[in-house]
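Data block below; observations after.
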Amino acid sequence: MSTDTDPVPRTSPLRASLPVSLAAVGRHDLPASVVVFLVALPLSLGIAVASGAPVAAGLIAAVVGGVVAGLLGGSAVQVSGPTASLTVVVAESVHQFGWAATCFITIGAGLLQILFGLSRVARGALAIAPVVVHAMLAGIGVIIALQQVHILLGGNSLSSSFASLTQLPHQLMSVHRGDLFVGLVVIVILISWKFLPRSIRVVPGPLVAVVVATILSLILPTHVERVVLNGSLLDSIGLPAIPSGSWFAVAMAMVTVALIASVESLLSAVAVDKSRPDHRTNFDRELIGQGSANVVSGLLGGLPIAAVIVRSITNAHAGARTRAATVLHGVWILLFAVALAGLVQQIPKAALAGLLILIGVQLVKLAHIRLARRNGDLFVYVATVLGVVFLNLLQGMVIGLVLAFGLLLWRVVRVSIHAEPVADARRWLITIDGTCTFLALPKLTAELAKVPADVDVTIEMTVDFLDHASYELIADWAGLREAAGGTVDFVEIGSARMATAVAGPPERGRSRQVIDEVIGPWRRTGNRADPIAAGIAAYHRGHAHLMRPHLHGLRNRPDADTFFLTCADARIVPNVITNSGPGDLFTVRNVGNLVPSGGSDVSVEAALVYALEKLDVRAVVVCGHSGCGAMDALHREVHTGPGLGDWLAYARPSLDRFRLGHPVAGAAASAGFGPVDQLGMVNVALQLERLHAHPVVRRGIEERGVAVSGLFFDLATARVIEVTMGGIAEFDDELTVEAFDELADVRGIAAEPV
């Protein structure tokens, strides 16, 4: 069969997308990779020198971190490589086992990380107390700074922080001016770099500082110690060696490297995700990628690897979109190390020392110290820092975790118990607030012993956990007083109750139960015979005690802030939906929340005059609601007979305006509301018109700036929506797409925002 049309050439989807992908890489990822390369190069060299490892080991780790972790990790933006947080561990390992054995430890740490990723425990690492992580990094920063100060002064780094401190005066007496000058130049440039214009700061500050310091060291007539690179990068690749000595120490070193590298990588991933909301990291895959990179780095003779937050954020801010930026940065480091290795040997050690000193100082963040102080965790922070600095990293972390867990346990089981007289000492109040366990028995016994024998007692319990020992002590004490003719009233506000304390094993109370008791309908209590009496008894038992002091202060002040007109529907609770209390709302309720025109209804008229002229309210509010029976009857024009029919006649103008296409109805329809609820919103808008036209309200607006507003309570979503005379909106804001989506989801329709 022939055809008049030419066949359409078919193109592979991969082939069709390839030019677009290459264009995106060239536009976004390529420039970002160059920026990250310029940042990572001096840092990798400095970390290698500070770790006591061969200089080439830092370059190998940077290459492997970029290529292997970049390809296999769970983040498309995160950048990995040698990190300052592992400097201390690596230095100790090199000192104890030697460099080749340290590479073996790096391989073991990588295998552990792979196991972490396969077992899907990545998010569990984020449960480590932040104060311990912050303190650990601060301790590492202190160690780095102390060690590198000696190199800055022309000496050598020492094996311990204690030795670095005690030998510092001697080092100051024998300072080498050339090294000190070069290092200070780096520090000054790095500090001043952030104050320069953004156009200049496009070039990474560490690179500029090291280049300037290197040039000065070559020009000035002074001798400085320089980086030593034995052979090319390829010559530095060597197989690891099995450590000799204690295998327990080797295992601890592996675990320490794995934990620190994993935690830092995951924290870096969290920071990157926050800075790039369009990006999400697969944490388990990230650990597998980091572990694989550490295995490869150890096999090739490189430093341990972790994701580095500075490089990762730099990569994200530079516009990286895919893994290409991370991989390319590793390629650029490889090309530099192979082709320009001679330049590395011109870099002064003091320049890298100045760079590392500033990195170490920046790891001690004042914001973290203030946060620890504000949260009551300062002693955990200080103890962890001291442990890391003067013991070792693992012991410091253990000290911090133990103290943090102890503090958490103390806060969880802590209970506040006080006994004091009230009302001329004829009644005593005992307050129990917190978690009441057997650990509180000594304090509980002491406070109960303070109460005189001839007074009435109120026990106010805001308790979320009550064990059998505490229950028995309180119950026995109360029983003895009542048997002697005294009165003991229990006010139970918390979620754990005396009545259920012996019904089974102790368990933490349910907050939902408390909420239901406060705002839940009577039918949930199961007592339908006399709900008023049951409700009053529950109020006296649970909340009257809290209301008493507030109402006592209002007994001679019949004022209010707001006139609130709403429907008589039992589902609308004004104080709940406005989060207000006694003395706030002057509430008037009628069927359909109507303001009869012309003052034809004496009740609403009297309430308006009293509120505005006697109480000086500052706001007038009319509130409708969804599913209103009055609006339904009005919309269907049901014949309701005298009384109700006469009253709904006041709402007839709302129905007329609704049928004519009031703008509020259109906005409500777009939000997914049905015709009856659209009519309810139009009705609120018309009541607003009537209120604005009312002489008393108008005078209040002109003389005192009284605010008049409309509300609509949607029962399906428990959302309060603002209604104006021309539309609807989220309260104090226009309806967002999310709000419309929620409204639409409840109603099962497609909704579009206004």
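Going by the structure tokens order, chains are called A, B, ..., each with residues numbered from 1, while ligands are numbered from 1 in the order shown.
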Practice task
Please report, as a PyMOL selection string, each residue of region 566-680 of chain A to which DSSP assigns alpha helix (DSSP H) when run on this structure's backbone.
Solution key: chain A and resi 574-577+602-609+629-636+644-648+652-659+663-670+675-680
Practice task
Tell me which protein, DNA and RNA residues are within 10 Å of Val77 (chain A), counting only C-alpha atoms, leaving out same-chain ones fewer than 6 positions away, and put them as a PyMOL selection string.
Solution key: chain A and resi 29+70+269+272-273+276+279-281+311-317+319-326
Export of the given selection (N, CA, C and O atoms) as a short mmCIF file (atom, residue, chain, number, x, y, z; two decimals), in the first residue's frame:
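Below is the file that was written, out_36.cif:
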data_model
loop_
_atom_site.label_atom_id
_atom_site.label_comp_id
_atom_site.auth_asym_id
_atom_site.auth_seq_id
_atom_site.Cartn_x
_atom_site.Cartn_y
_atom_site.Cartn_z
N ASP A 29 26.25 22.96 35.59
CA ASP A 29 27.14 22.10 36.37
C ASP A 29 28.62 22.37 36.11
O ASP A 29 29.43 22.28 37.04
N GLY A 70 30.18 10.94 44.26
CA GLY A 70 29.28 11.72 43.40
C GLY A 70 28.39 10.84 42.54
O GLY A 70 27.22 11.15 42.32
N ALA A 269 23.84 16.67 54.27
CA ALA A 269 22.70 16.43 53.37
C ALA A 269 21.47 17.19 53.82
O ALA A 269 20.73 17.76 53.00
N VAL A 272 21.94 20.82 52.88
CA VAL A 272 21.77 21.01 51.44
C VAL A 272 20.29 20.97 51.07
O VAL A 272 19.81 21.79 50.27
N ASP A 273 19.55 20.03 51.62
CA ASP A 273 18.12 19.94 51.32
C ASP A 273 17.37 21.19 51.76
O ASP A 273 16.41 21.62 51.11
N ARG A 276 18.17 23.91 49.24
CA ARG A 276 17.59 23.63 47.93
C ARG A 276 16.30 22.84 48.11
O ARG A 276 16.31 21.61 48.10
N HIS A 279 15.44 19.77 46.12
CA HIS A 279 16.36 18.63 46.18
C HIS A 279 16.09 17.80 47.42
O HIS A 279 15.88 18.34 48.50
N ARG A 280 16.08 16.49 47.28
CA ARG A 280 15.88 15.59 48.41
C ARG A 280 16.92 14.47 48.34
O ARG A 280 17.12 13.85 47.30
N THR A 281 17.56 14.22 49.48
CA THR A 281 18.62 13.22 49.55
C THR A 281 18.06 11.88 50.00
O THR A 281 17.25 11.81 50.92
N ARG A 311 31.71 22.71 50.97
CA ARG A 311 31.77 22.45 49.53
C ARG A 311 30.38 22.15 48.96
O ARG A 311 30.06 22.54 47.83
N SER A 312 29.56 21.45 49.75
CA SER A 312 28.22 21.09 49.26
C SER A 312 27.35 22.33 49.08
O SER A 312 26.68 22.49 48.06
N ILE A 313 27.38 23.22 50.08
CA ILE A 313 26.59 24.45 49.97
C ILE A 313 27.13 25.33 48.84
O ILE A 313 26.37 25.96 48.09
N THR A 314 28.45 25.37 48.71
CA THR A 314 29.05 26.13 47.61
C THR A 314 28.58 25.60 46.27
O THR A 314 28.24 26.36 45.36
N ASN A 315 28.55 24.28 46.14
CA ASN A 315 28.10 23.65 44.90
C ASN A 315 26.64 23.98 44.61
O ASN A 315 26.27 24.31 43.48
N ALA A 316 25.81 23.92 45.66
CA ALA A 316 24.38 24.23 45.49
C ALA A 316 24.17 25.68 45.10
O ALA A 316 23.40 26.00 44.19
N HIS A 317 24.86 26.60 45.79
CA HIS A 317 24.70 28.03 45.50
C HIS A 317 25.30 28.40 44.14
O HIS A 317 24.89 29.40 43.55
N GLY A 319 24.88 26.82 41.52
CA GLY A 319 23.90 26.48 40.49
C GLY A 319 23.95 25.06 39.99
O GLY A 319 23.35 24.76 38.94
N ALA A 320 24.63 24.16 40.70
CA ALA A 320 24.70 22.77 40.26
C ALA A 320 23.31 22.15 40.20
O ALA A 320 22.50 22.34 41.11
N ARG A 321 23.07 21.38 39.16
CA ARG A 321 21.77 20.74 38.99
C ARG A 321 21.85 19.21 39.08
O ARG A 321 20.91 18.57 39.53
N THR A 322 22.97 18.64 38.64
CA THR A 322 23.09 17.18 38.58
C THR A 322 24.40 16.74 39.23
O THR A 322 25.20 17.56 39.70
N ARG A 323 24.63 15.43 39.19
CA ARG A 323 25.86 14.86 39.74
C ARG A 323 27.09 15.26 38.93
O ARG A 323 28.23 15.08 39.39
N ALA A 324 26.87 15.80 37.75
CA ALA A 324 28.00 16.13 36.89
C ALA A 324 28.93 17.13 37.56
O ALA A 324 30.16 17.05 37.41
N ALA A 325 28.38 18.08 38.33
CA ALA A 325 29.23 19.09 38.98
C ALA A 325 30.17 18.44 39.98
O ALA A 325 31.37 18.75 40.03
N THR A 326 29.64 17.52 40.79
CA THR A 326 30.47 16.84 41.79
C THR A 326 31.54 15.98 41.12
O THR A 326 32.71 15.99 41.53
#
Handout entry: Who sits within 8 Å of Val684 (chain A), only C-alpha atoms, same chain under 3 positions skipped, as a ChimeraX atom specification
Key = /A:593,622-624,680-681,687-688,710-712,723
Save the residues we just selected, C-alpha atoms, as a PDB file, in the first residue's frame?
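Output file part.pdb is given in full below:
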ATOM      1  CA  ASN A 593     -26.616  34.875  62.340  1.00  0.00           C
ATOM      2  CA  VAL A 622     -20.577  38.264  62.308  1.00  0.00           C
ATOM      3  CA  CYS A 623     -19.830  34.565  61.822  1.00  0.00           C
ATOM      4  CA  GLY A 624     -21.643  32.036  59.637  1.00  0.00           C
ATOM      5  CA  GLY A 680     -24.135  31.209  53.841  1.00  0.00           C
ATOM      6  CA  MET A 681     -21.107  33.273  52.864  1.00  0.00           C
ATOM      7  CA  GLN A 687     -24.940  41.222  57.350  1.00  0.00           C
ATOM      8  CA  LEU A 688     -21.680  43.163  57.099  1.00  0.00           C
ATOM      9  CA  GLY A 710     -17.062  38.607  58.758  1.00  0.00           C
ATOM     10  CA  LEU A 711     -16.110  34.994  59.369  1.00  0.00           C
ATOM     11  CA  PHE A 712     -17.238  31.643  58.028  1.00  0.00           C
ATOM     12  CA  VAL A 723     -15.556  36.926  54.424  1.00  0.00           C
TER      13      VAL A 723
END
Handout entry: Shell around region 361-372 of chain A at 7 Å using only C-alpha atoms, local window under 4 positions removed, as a ChimeraX atom specification
Key = /A:131,134,137-138,141-142,145,357,376-378,381
Problem - Test item: residues at most 12 Å from Leu71 (chain A), only C-alpha atoms, excluding those fewer than 4 positions along its chain, as a VMD selection string - result: chain A and resid 64 to 67 75 to 80 285 to 286 288 to 290 292 to 293 322 to 328 330
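Candidate residues A:Ala668, A:Val676, A:Ile144, A:Ser597 were compared for distance to Met631 (chain A), and the nearest is A:Val676, using only C-alpha atoms.
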Exercise for the section: Excluding Pro653 (chain A) and any residue of its chain fewer than 5 positions from it, enumerate the residues within 9 Å of it, using only C-alpha atoms, and give them as a ChimeraX atom specification. Expected result: /A:658,683,686
Write a file of the just-selected residues containing C-alpha atoms, as a PDB file, in the first residue's frame.
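Output file again_33.pdb follows:
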ATOM      1  CA  PHE A 658     -26.905  34.979  45.758  1.00  0.00           C
ATOM      2  CA  ASN A 683     -25.449  36.009  53.920  1.00  0.00           C
ATOM      3  CA  LEU A 686     -24.942  41.124  53.545  1.00  0.00           C
TER       4      LEU A 686
END
Handout entry: Residue with smallest distance to Val455 (chain A) - pool A:Glu482, A:Asp433, A:Glu702, A:Asp569, counting only C-alpha atoms
Key =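 Ranked by minimum distance to Val455 (chain A), first place goes to A:Glu482.
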Handout entry: region 414-611 of chain A: residues DSSP assigns to strand (DSSP E), reported as a ChimeraX atom specification
Key = /A:415-422,427-436,456-466,488-492,562-567,585-590
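Among the candidates A:Val263, A:Val308, A:Ala341, A:Leu118, the one nearest to Val36 (chain A) when counting only C-alpha atoms is A:Val308.
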